[in-house]
Structures are given as structure tokens and as C-alpha cells.
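*Asks:* Got data-v5.tsv for you, TSV, all heavy atoms:
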chain	number	residue	atom	x	y	z
A	3	MET	N	-9.79	-11.68	-17.54
A	3	MET	CA	-9.49	-10.61	-16.60
A	3	MET	C	-9.51	-11.19	-15.20
A	3	MET	O	-10.44	-11.86	-14.80
A	3	MET	CB	-10.53	-9.50	-16.74
A	3	MET	CG	-10.45	-8.51	-15.63
A	3	MET	SD	-11.52	-7.05	-15.64
A	3	MET	CE	-12.98	-7.49	-16.45
A	4	ASP	N	-8.45	-10.93	-14.42
A	4	ASP	CA	-8.39	-11.35	-13.03
A	4	ASP	C	-9.00	-10.25	-12.16
A	4	ASP	O	-8.66	-9.09	-12.31
A	4	ASP	CB	-6.95	-11.59	-12.58
A	4	ASP	CG	-6.34	-12.79	-13.25
A	4	ASP	OD1	-7.08	-13.72	-13.59
A	4	ASP	OD2	-5.11	-12.79	-13.43
A	5	MET	N	-9.86	-10.65	-11.27
A	5	MET	CA	-10.44	-9.68	-10.34
A	5	MET	C	-9.68	-9.74	-9.02
A	5	MET	O	-9.30	-10.81	-8.57
A	5	MET	CB	-11.92	-9.99	-10.09
A	5	MET	CG	-12.79	-9.81	-11.32
A	5	MET	SD	-12.82	-8.13	-11.94
A	5	MET	CE	-13.81	-7.34	-10.70
A	6	LEU	N	-9.44	-8.61	-8.43
A	6	LEU	CA	-8.78	-8.56	-7.14
A	6	LEU	C	-9.79	-8.85	-6.04
A	6	LEU	O	-10.99	-8.68	-6.21
A	6	LEU	CB	-8.18	-7.17	-6.92
A	6	LEU	CG	-7.11	-6.75	-7.93
A	6	LEU	CD1	-6.66	-5.34	-7.66
A	6	LEU	CD2	-5.93	-7.70	-7.87
A	7	TRP	N	-9.31	-9.27	-4.88
A	7	TRP	CA	-10.20	-9.57	-3.76
A	7	TRP	C	-11.06	-8.37	-3.40
A	7	TRP	O	-12.18	-8.52	-2.96
A	7	TRP	CB	-9.40	-10.04	-2.54
A	7	TRP	CG	-8.53	-8.96	-1.97
A	7	TRP	CD1	-7.24	-8.70	-2.28
A	7	TRP	CD2	-8.91	-7.98	-1.02
A	7	TRP	NE1	-6.77	-7.63	-1.57
A	7	TRP	CE2	-7.78	-7.15	-0.79
A	7	TRP	CE3	-10.07	-7.69	-0.33
A	7	TRP	CZ2	-7.80	-6.09	0.10
A	7	TRP	CZ3	-10.09	-6.62	0.55
A	7	TRP	CH2	-8.96	-5.84	0.76
A	8	SER	N	-10.55	-7.18	-3.61
A	8	SER	CA	-11.30	-5.99	-3.24
A	8	SER	C	-12.35	-5.61	-4.28
A	8	SER	O	-13.17	-4.73	-4.04
A	8	SER	CB	-10.34	-4.82	-3.03
A	8	SER	OG	-9.63	-4.55	-4.23
A	9	GLY	N	-12.31	-6.26	-5.44
A	9	GLY	CA	-13.31	-6.00	-6.46
A	9	GLY	C	-13.12	-4.71	-7.23
A	9	GLY	O	-14.05	-4.19	-7.82
A	10	TRP	N	-11.91	-4.17	-7.26
A	10	TRP	CA	-11.69	-2.90	-7.92
A	10	TRP	C	-11.35	-3.04	-9.40
A	10	TRP	O	-11.01	-2.07	-10.04
A	10	TRP	CB	-10.61	-2.11	-7.20
A	10	TRP	CG	-11.12	-1.55	-5.91
A	10	TRP	CD1	-11.09	-2.18	-4.71
A	10	TRP	CD2	-11.75	-0.30	-5.69
A	10	TRP	NE1	-11.66	-1.39	-3.75
A	10	TRP	CE2	-12.07	-0.22	-4.32
A	10	TRP	CE3	-12.08	0.76	-6.50
A	10	TRP	CZ2	-12.71	0.88	-3.77
A	10	TRP	CZ3	-12.69	1.86	-5.94
A	10	TRP	CH2	-13.01	1.91	-4.60
A	11	GLY	N	-11.39	-4.22	-9.94
A	11	GLY	CA	-11.23	-4.37	-11.38
A	11	GLY	C	-9.86	-4.82	-11.84
A	11	GLY	O	-9.05	-5.32	-11.08
A	12	ASP	N	-9.64	-4.63	-13.12
A	12	ASP	CA	-8.45	-5.11	-13.81
A	12	ASP	C	-7.26	-4.19	-13.51
A	12	ASP	O	-7.28	-3.00	-13.84
A	12	ASP	CB	-8.74	-5.12	-15.31
A	12	ASP	CG	-7.61	-5.67	-16.15
A	12	ASP	OD1	-6.55	-6.00	-15.59
A	12	ASP	OD2	-7.79	-5.78	-17.37
A	13	PRO	N	-6.19	-4.72	-12.88
A	13	PRO	CA	-5.04	-3.87	-12.55
A	13	PRO	C	-4.38	-3.24	-13.78
A	13	PRO	O	-3.77	-2.19	-13.68
A	13	PRO	CB	-4.07	-4.82	-11.85
A	13	PRO	CG	-4.81	-6.07	-11.58
A	13	PRO	CD	-6.03	-6.09	-12.43
A	14	ALA	N	-4.51	-3.87	-14.94
A	14	ALA	CA	-3.90	-3.31	-16.15
A	14	ALA	C	-4.58	-2.01	-16.58
A	14	ALA	O	-4.00	-1.23	-17.32
A	14	ALA	CB	-3.97	-4.34	-17.27
A	15	ARG	N	-5.79	-1.78	-16.10
A	15	ARG	CA	-6.52	-0.57	-16.47
A	15	ARG	C	-6.48	0.49	-15.36
A	15	ARG	O	-7.15	1.51	-15.45
A	15	ARG	CB	-7.97	-0.93	-16.80
A	15	ARG	CG	-8.07	-1.86	-18.01
A	15	ARG	CD	-9.48	-2.20	-18.35
A	15	ARG	NE	-10.17	-0.99	-18.76
A	15	ARG	CZ	-11.48	-0.91	-18.93
A	15	ARG	NH1	-12.23	-1.96	-18.73
A	15	ARG	NH2	-12.03	0.22	-19.29
A	16	ALA	N	-5.68	0.26	-14.34
A	16	ALA	CA	-5.60	1.19	-13.21
A	16	ALA	C	-4.99	2.51	-13.66
A	16	ALA	O	-4.10	2.55	-14.51
A	16	ALA	CB	-4.77	0.58	-12.10
A	17	LYS	N	-5.46	3.59	-13.08
A	17	LYS	CA	-4.96	4.93	-13.36
A	17	LYS	C	-4.72	5.63	-12.03
A	17	LYS	O	-5.41	5.37	-11.05
A	17	LYS	CB	-5.97	5.71	-14.18
A	17	LYS	CG	-6.20	5.11	-15.56
A	17	LYS	CD	-7.09	6.01	-16.38
A	17	LYS	CE	-7.32	5.56	-17.79
A	17	LYS	NZ	-7.05	4.27	-18.21
A	18	PRO	N	-3.74	6.52	-11.97
A	18	PRO	CA	-3.52	7.25	-10.72
A	18	PRO	C	-4.69	8.18	-10.41
A	18	PRO	O	-5.38	8.65	-11.33
A	18	PRO	CB	-2.24	8.03	-10.98
A	18	PRO	CG	-2.05	8.05	-12.45
A	18	PRO	CD	-2.81	6.87	-13.01
A	19	LEU	N	-4.90	8.45	-9.13
A	19	LEU	CA	-5.96	9.38	-8.74
A	19	LEU	C	-5.55	10.80	-9.09
A	19	LEU	O	-4.37	11.15	-9.03
A	19	LEU	CB	-6.18	9.30	-7.23
A	19	LEU	CG	-6.76	8.01	-6.68
A	19	LEU	CD1	-6.76	8.05	-5.16
A	19	LEU	CD2	-8.14	7.78	-7.22
A	20	PRO	N	-6.52	11.64	-9.44
A	20	PRO	CA	-6.20	13.05	-9.68
A	20	PRO	C	-5.67	13.69	-8.39
A	20	PRO	O	-6.00	13.27	-7.28
A	20	PRO	CB	-7.55	13.67	-10.07
A	20	PRO	CG	-8.44	12.54	-10.41
A	20	PRO	CD	-7.93	11.34	-9.69
A	21	ASP	N	-4.86	14.72	-8.54
A	21	ASP	CA	-4.29	15.41	-7.38
A	21	ASP	C	-5.37	15.93	-6.43
A	21	ASP	O	-5.19	15.91	-5.21
A	21	ASP	CB	-3.39	16.57	-7.82
A	21	ASP	CG	-2.10	16.09	-8.46
A	21	ASP	OD1	-1.72	14.93	-8.22
A	21	ASP	OD2	-1.48	16.89	-9.19
A	22	SER	N	-6.50	16.35	-6.97
A	22	SER	CA	-7.57	16.87	-6.11
A	22	SER	C	-8.13	15.77	-5.21
A	22	SER	O	-8.40	16.01	-4.03
A	22	SER	CB	-8.70	17.47	-6.96
A	22	SER	OG	-9.23	16.49	-7.84
A	23	VAL	N	-8.26	14.56	-5.72
A	23	VAL	CA	-8.76	13.44	-4.92
A	23	VAL	C	-7.71	13.01	-3.91
A	23	VAL	O	-8.02	12.76	-2.74
A	23	VAL	CB	-9.19	12.26	-5.83
A	23	VAL	CG1	-9.58	11.05	-5.01
A	23	VAL	CG2	-10.32	12.68	-6.74
A	24	THR	N	-6.47	12.95	-4.34
A	24	THR	CA	-5.38	12.59	-3.43
A	24	THR	C	-5.32	13.60	-2.27
A	24	THR	O	-5.16	13.21	-1.12
A	24	THR	CB	-4.04	12.55	-4.17
A	24	THR	OG1	-4.15	11.64	-5.25
A	24	THR	CG2	-2.91	12.12	-3.27
A	25	GLY	N	-5.48	14.87	-2.57
A	25	GLY	CA	-5.48	15.91	-1.54
A	25	GLY	C	-6.61	15.72	-0.55
A	25	GLY	O	-6.42	15.86	0.66
A	26	LEU	N	-7.80	15.38	-1.04
A	26	LEU	CA	-8.93	15.14	-0.15
A	26	LEU	C	-8.68	13.95	0.76
A	26	LEU	O	-8.98	13.98	1.95
A	26	LEU	CB	-10.20	14.90	-0.97
A	26	LEU	CG	-10.87	16.13	-1.57
A	26	LEU	CD1	-12.03	15.72	-2.48
A	26	LEU	CD2	-11.36	17.05	-0.47
A	27	LEU	N	-8.14	12.88	0.21
A	27	LEU	CA	-7.85	11.69	1.02
A	27	LEU	C	-6.84	12.02	2.11
A	27	LEU	O	-7.00	11.61	3.27
A	27	LEU	CB	-7.33	10.55	0.15
A	27	LEU	CG	-8.36	9.89	-0.75
A	27	LEU	CD1	-7.68	8.90	-1.69
A	27	LEU	CD2	-9.43	9.20	0.08
A	28	ARG	N	-5.82	12.77	1.76
A	28	ARG	CA	-4.82	13.14	2.75
A	28	ARG	C	-5.42	14.00	3.84
A	28	ARG	O	-5.15	13.82	5.03
A	28	ARG	CB	-3.65	13.85	2.09
A	28	ARG	CG	-2.80	12.92	1.28
A	28	ARG	CD	-1.58	13.61	0.72
A	28	ARG	NE	-0.78	12.64	0.01
A	28	ARG	CZ	-0.11	12.87	-1.09
A	28	ARG	NH1	-0.11	14.09	-1.60
A	28	ARG	NH2	0.58	11.93	-1.68
A	29	GLU	N	-6.27	14.94	3.45
A	29	GLU	CA	-6.87	15.86	4.41
A	29	GLU	C	-7.91	15.16	5.28
A	29	GLU	O	-7.89	15.28	6.51
A	29	GLU	CB	-7.53	17.02	3.67
A	29	GLU	CG	-8.12	18.07	4.57
A	29	GLU	CD	-8.72	19.20	3.78
A	29	GLU	OE1	-8.17	19.56	2.72
A	29	GLU	OE2	-9.76	19.71	4.20
A	30	LEU	N	-8.81	14.40	4.68
A	30	LEU	CA	-9.91	13.81	5.43
A	30	LEU	C	-9.52	12.56	6.22
A	30	LEU	O	-10.03	12.33	7.30
A	30	LEU	CB	-11.06	13.46	4.48
A	30	LEU	CG	-11.71	14.65	3.77
A	30	LEU	CD1	-12.71	14.19	2.73
A	30	LEU	CD2	-12.38	15.57	4.79
A	31	LEU	N	-8.63	11.76	5.67
A	31	LEU	CA	-8.26	10.50	6.31
A	31	LEU	C	-6.91	10.55	7.01
A	31	LEU	O	-6.52	9.59	7.66
A	31	LEU	CB	-8.27	9.36	5.28
A	31	LEU	CG	-9.59	9.12	4.57
A	31	LEU	CD1	-9.44	8.03	3.54
A	31	LEU	CD2	-10.68	8.76	5.57
A	32	GLY	N	-6.19	11.63	6.84
A	32	GLY	CA	-4.88	11.72	7.45
A	32	GLY	C	-3.84	10.86	6.77
A	32	GLY	O	-2.85	10.48	7.37
A	33	VAL	N	-4.07	10.55	5.50
A	33	VAL	CA	-3.12	9.72	4.74
A	33	VAL	C	-1.97	10.61	4.29
A	33	VAL	O	-2.17	11.67	3.72
A	33	VAL	CB	-3.82	9.10	3.50
A	33	VAL	CG1	-2.84	8.31	2.66
A	33	VAL	CG2	-4.99	8.23	3.93
A	34	THR	N	-0.75	10.16	4.58
A	34	THR	CA	0.42	10.92	4.17
A	34	THR	C	1.38	10.00	3.41
A	34	THR	O	1.43	8.79	3.67
A	34	THR	CB	1.16	11.51	5.37
A	34	THR	OG1	1.52	10.46	6.26
A	34	THR	CG2	0.30	12.53	6.11
A	35	PRO	N	2.13	10.55	2.47
A	35	PRO	CA	3.09	9.72	1.75
A	35	PRO	C	4.22	9.28	2.68
A	35	PRO	O	4.52	9.94	3.68
A	35	PRO	CB	3.61	10.64	0.65
A	35	PRO	CG	3.22	12.01	1.02
A	35	PRO	CD	2.11	11.92	2.02
A	36	LEU	N	4.83	8.15	2.35
A	36	LEU	CA	5.96	7.66	3.13
A	36	LEU	C	7.13	8.61	2.95
A	36	LEU	O	7.38	9.11	1.86
A	36	LEU	CB	6.37	6.26	2.65
A	36	LEU	CG	5.39	5.13	2.90
A	36	LEU	CD1	5.90	3.84	2.24
A	36	LEU	CD2	5.19	4.92	4.38
A	37	GLU	N	7.84	8.85	4.03
A	37	GLU	CA	9.03	9.70	3.97
A	37	GLU	C	10.18	8.98	3.29
A	37	GLU	O	10.98	9.58	2.60
A	37	GLU	CB	9.44	10.14	5.38
A	37	GLU	CG	8.42	11.01	6.08
A	37	GLU	CD	8.24	12.35	5.40
A	37	GLU	OE1	9.22	12.92	4.90
A	37	GLU	OE2	7.10	12.84	5.37
A	38	THR	N	10.28	7.69	3.53
A	38	THR	CA	11.33	6.88	2.93
A	38	THR	C	10.71	5.60	2.37
A	38	THR	O	9.64	5.18	2.80
A	38	THR	CB	12.42	6.49	3.95
A	38	THR	OG1	11.81	5.76	5.01
A	38	THR	CG2	13.11	7.72	4.53
A	39	ALA	N	11.40	4.99	1.46
A	39	ALA	CA	10.92	3.74	0.89
A	39	ALA	C	11.08	2.61	1.91
A	39	ALA	O	11.99	2.65	2.74
A	39	ALA	CB	11.72	3.40	-0.37
A	40	PRO	N	10.17	1.64	1.88
A	40	PRO	CA	10.34	0.51	2.80
A	40	PRO	C	11.60	-0.27	2.47
A	40	PRO	O	12.08	-0.24	1.33
A	40	PRO	CB	9.09	-0.34	2.56
A	40	PRO	CG	8.50	0.14	1.29
A	40	PRO	CD	9.01	1.52	1.04
A	41	PRO	N	12.18	-0.97	3.46
A	41	PRO	CA	13.41	-1.72	3.19
A	41	PRO	C	13.14	-2.91	2.28
A	41	PRO	O	12.02	-3.41	2.21
A	41	PRO	CB	13.86	-2.19	4.58
A	41	PRO	CG	12.60	-2.23	5.38
A	41	PRO	CD	11.74	-1.13	4.83
A	42	ALA	N	14.17	-3.36	1.60
A	42	ALA	CA	14.06	-4.56	0.77
A	42	ALA	C	13.86	-5.76	1.68
A	42	ALA	O	14.37	-5.80	2.81
A	42	ALA	CB	15.31	-4.73	-0.07
A	43	LEU	N	13.13	-6.74	1.24
A	43	LEU	CA	12.83	-7.91	2.04
A	43	LEU	C	14.10	-8.59	2.55
A	43	LEU	O	14.16	-9.01	3.71
A	43	LEU	CB	11.98	-8.90	1.23
A	43	LEU	CG	11.49	-10.12	1.97
A	43	LEU	CD1	10.67	-9.73	3.19
A	43	LEU	CD2	10.69	-11.02	1.06
A	44	GLU	N	15.12	-8.65	1.72
A	44	GLU	CA	16.35	-9.33	2.15
A	44	GLU	C	17.10	-8.54	3.23
A	44	GLU	O	17.98	-9.08	3.89
A	44	GLU	CB	17.27	-9.63	0.96
A	44	GLU	CG	17.62	-8.44	0.12
A	44	GLU	CD	16.65	-8.19	-1.02
A	44	GLU	OE1	15.63	-8.87	-1.14
A	44	GLU	OE2	16.91	-7.27	-1.80
A	45	ASP	N	16.75	-7.29	3.45
A	45	ASP	CA	17.38	-6.48	4.49
A	45	ASP	C	16.64	-6.55	5.83
A	45	ASP	O	17.09	-5.99	6.83
A	45	ASP	CB	17.46	-5.01	4.06
A	45	ASP	CG	18.37	-4.82	2.87
A	45	ASP	OD1	19.28	-5.66	2.68
A	45	ASP	OD2	18.17	-3.85	2.12
A	46	VAL	N	15.50	-7.22	5.86
A	46	VAL	CA	14.69	-7.32	7.07
A	46	VAL	C	15.07	-8.59	7.83
A	46	VAL	O	15.15	-9.66	7.25
A	46	VAL	CB	13.18	-7.35	6.74
A	46	VAL	CG1	12.35	-7.53	7.99
A	46	VAL	CG2	12.77	-6.10	6.00
A	47	GLU	N	15.33	-8.43	9.14
A	47	GLU	CA	15.67	-9.58	9.97
A	47	GLU	C	14.61	-9.71	11.08
A	47	GLU	O	14.29	-8.74	11.74
A	47	GLU	CB	17.04	-9.41	10.61
A	47	GLU	CG	18.17	-9.45	9.61
A	47	GLU	CD	19.53	-9.38	10.29
A	47	GLU	OE1	19.63	-9.77	11.47
A	47	GLU	OE2	20.46	-8.89	9.63
A	48	ALA	N	14.09	-10.91	11.24
A	48	ALA	CA	13.13	-11.17	12.30
A	48	ALA	C	13.88	-11.50	13.59
A	48	ALA	O	14.96	-12.11	13.54
A	48	ALA	CB	12.23	-12.33	11.91
A	49	PRO	N	13.34	-11.11	14.74
A	49	PRO	CA	14.00	-11.48	15.99
A	49	PRO	C	13.95	-12.99	16.19
A	49	PRO	O	13.05	-13.65	15.68
A	49	PRO	CB	13.19	-10.74	17.06
A	49	PRO	CG	11.88	-10.48	16.43
A	49	PRO	CD	12.13	-10.37	14.95
A	50	PRO	N	14.90	-13.55	16.92
A	50	PRO	CA	14.88	-14.99	17.14
A	50	PRO	C	13.62	-15.41	17.92
A	50	PRO	O	13.13	-14.66	18.76
A	50	PRO	CB	16.15	-15.26	17.95
A	50	PRO	CG	16.61	-13.95	18.43
A	50	PRO	CD	15.99	-12.89	17.57
A	51	THR	N	13.12	-16.56	17.61
A	51	THR	CA	11.95	-17.09	18.30
A	51	THR	C	12.40	-17.86	19.53
A	51	THR	O	13.30	-18.70	19.44
A	51	THR	CB	11.18	-18.06	17.35
A	51	THR	OG1	10.91	-17.36	16.13
A	51	THR	CG2	9.89	-18.51	17.97
A	52	PRO	N	11.81	-17.57	20.69
A	52	PRO	CA	12.21	-18.31	21.88
A	52	PRO	C	11.81	-19.79	21.75
A	52	PRO	O	10.78	-20.12	21.17
A	52	PRO	CB	11.45	-17.64	23.02
A	52	PRO	CG	10.40	-16.81	22.38
A	52	PRO	CD	10.80	-16.58	20.94
A	53	LEU	N	12.65	-20.64	22.28
A	53	LEU	CA	12.36	-22.06	22.27
A	53	LEU	C	11.34	-22.38	23.36
A	53	LEU	O	11.12	-21.59	24.27
A	53	LEU	CB	13.64	-22.87	22.45
A	53	LEU	CG	14.70	-22.65	21.35
A	53	LEU	CD1	15.94	-23.44	21.67
A	53	LEU	CD2	14.15	-23.09	19.99
A	54	GLY	N	10.74	-23.53	23.27
A	54	GLY	CA	9.71	-23.96	24.22
A	54	GLY	C	10.09	-23.81	25.69
A	54	GLY	O	11.20	-23.41	26.00
A	55	PRO	N	9.16	-24.15	26.58
A	55	PRO	CA	9.36	-23.93	28.03
A	55	PRO	C	10.52	-24.70	28.61
A	55	PRO	O	11.05	-25.61	28.26
A	55	PRO	CB	8.06	-24.41	28.66
A	55	PRO	CG	7.27	-25.06	27.61
A	55	PRO	CD	7.92	-24.76	26.29
Before we go any further, please render this structure as C-alpha cells.
*Replies:*
Amino acid sequence: MDMLWSGWGDPARAKPLPDSVTGLLRELLGVTPLETAPPALEDVEAPPTPLGP
């Protein structure tokens, strides 16, 4: 079994949180679902890096 850095256990045994817990997290911590999916990595462009002085 591989342990994650956070120590939360085996990812193969992960289960979604119940709706009641998800609701509490959203209410207490201000966590909201993403409105849109993040872009694919190949669609992301980094700005050019300035050359030395």
C-alpha cells in the first residue's frame, strides 16, 4: 500500500464524502465547486521569460 504525503491512506479505498459533510465544508470553509473545468495542460501557455539585464 502506498501512503500519500498527507497520510490519508490508500487511494484505492477512497470514498466520496456524504452530501451532509460536503455541505458543511462549503458552508464553514467557503469551499465552492468549480464553475468550469480547468484547461488541459496542452492549452496553457506561459508568458515569455525576460532575458537577462
*Asks:* Measure the distance from CA of Val46 (chain A) to atom O of Leu31 (chain A) in Å and round it to one decimal.
*Replies:* 27.1 Å
*Asks:* One decimal, Å: what's the distance from atom O of Thr24 (chain A) over to OE1 of Glu37 (chain A), could you say?
*Replies:*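 For atom O of Thr24 (chain A) relative to OE1 of Glu37 (chain A), the distance reads 15.6 Å.
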*Asks:* Using Å and a single decimal, report how far CA of Pro20 (chain A) sits from CA of Pro35 (chain A).
*Replies:* 15.1 Å
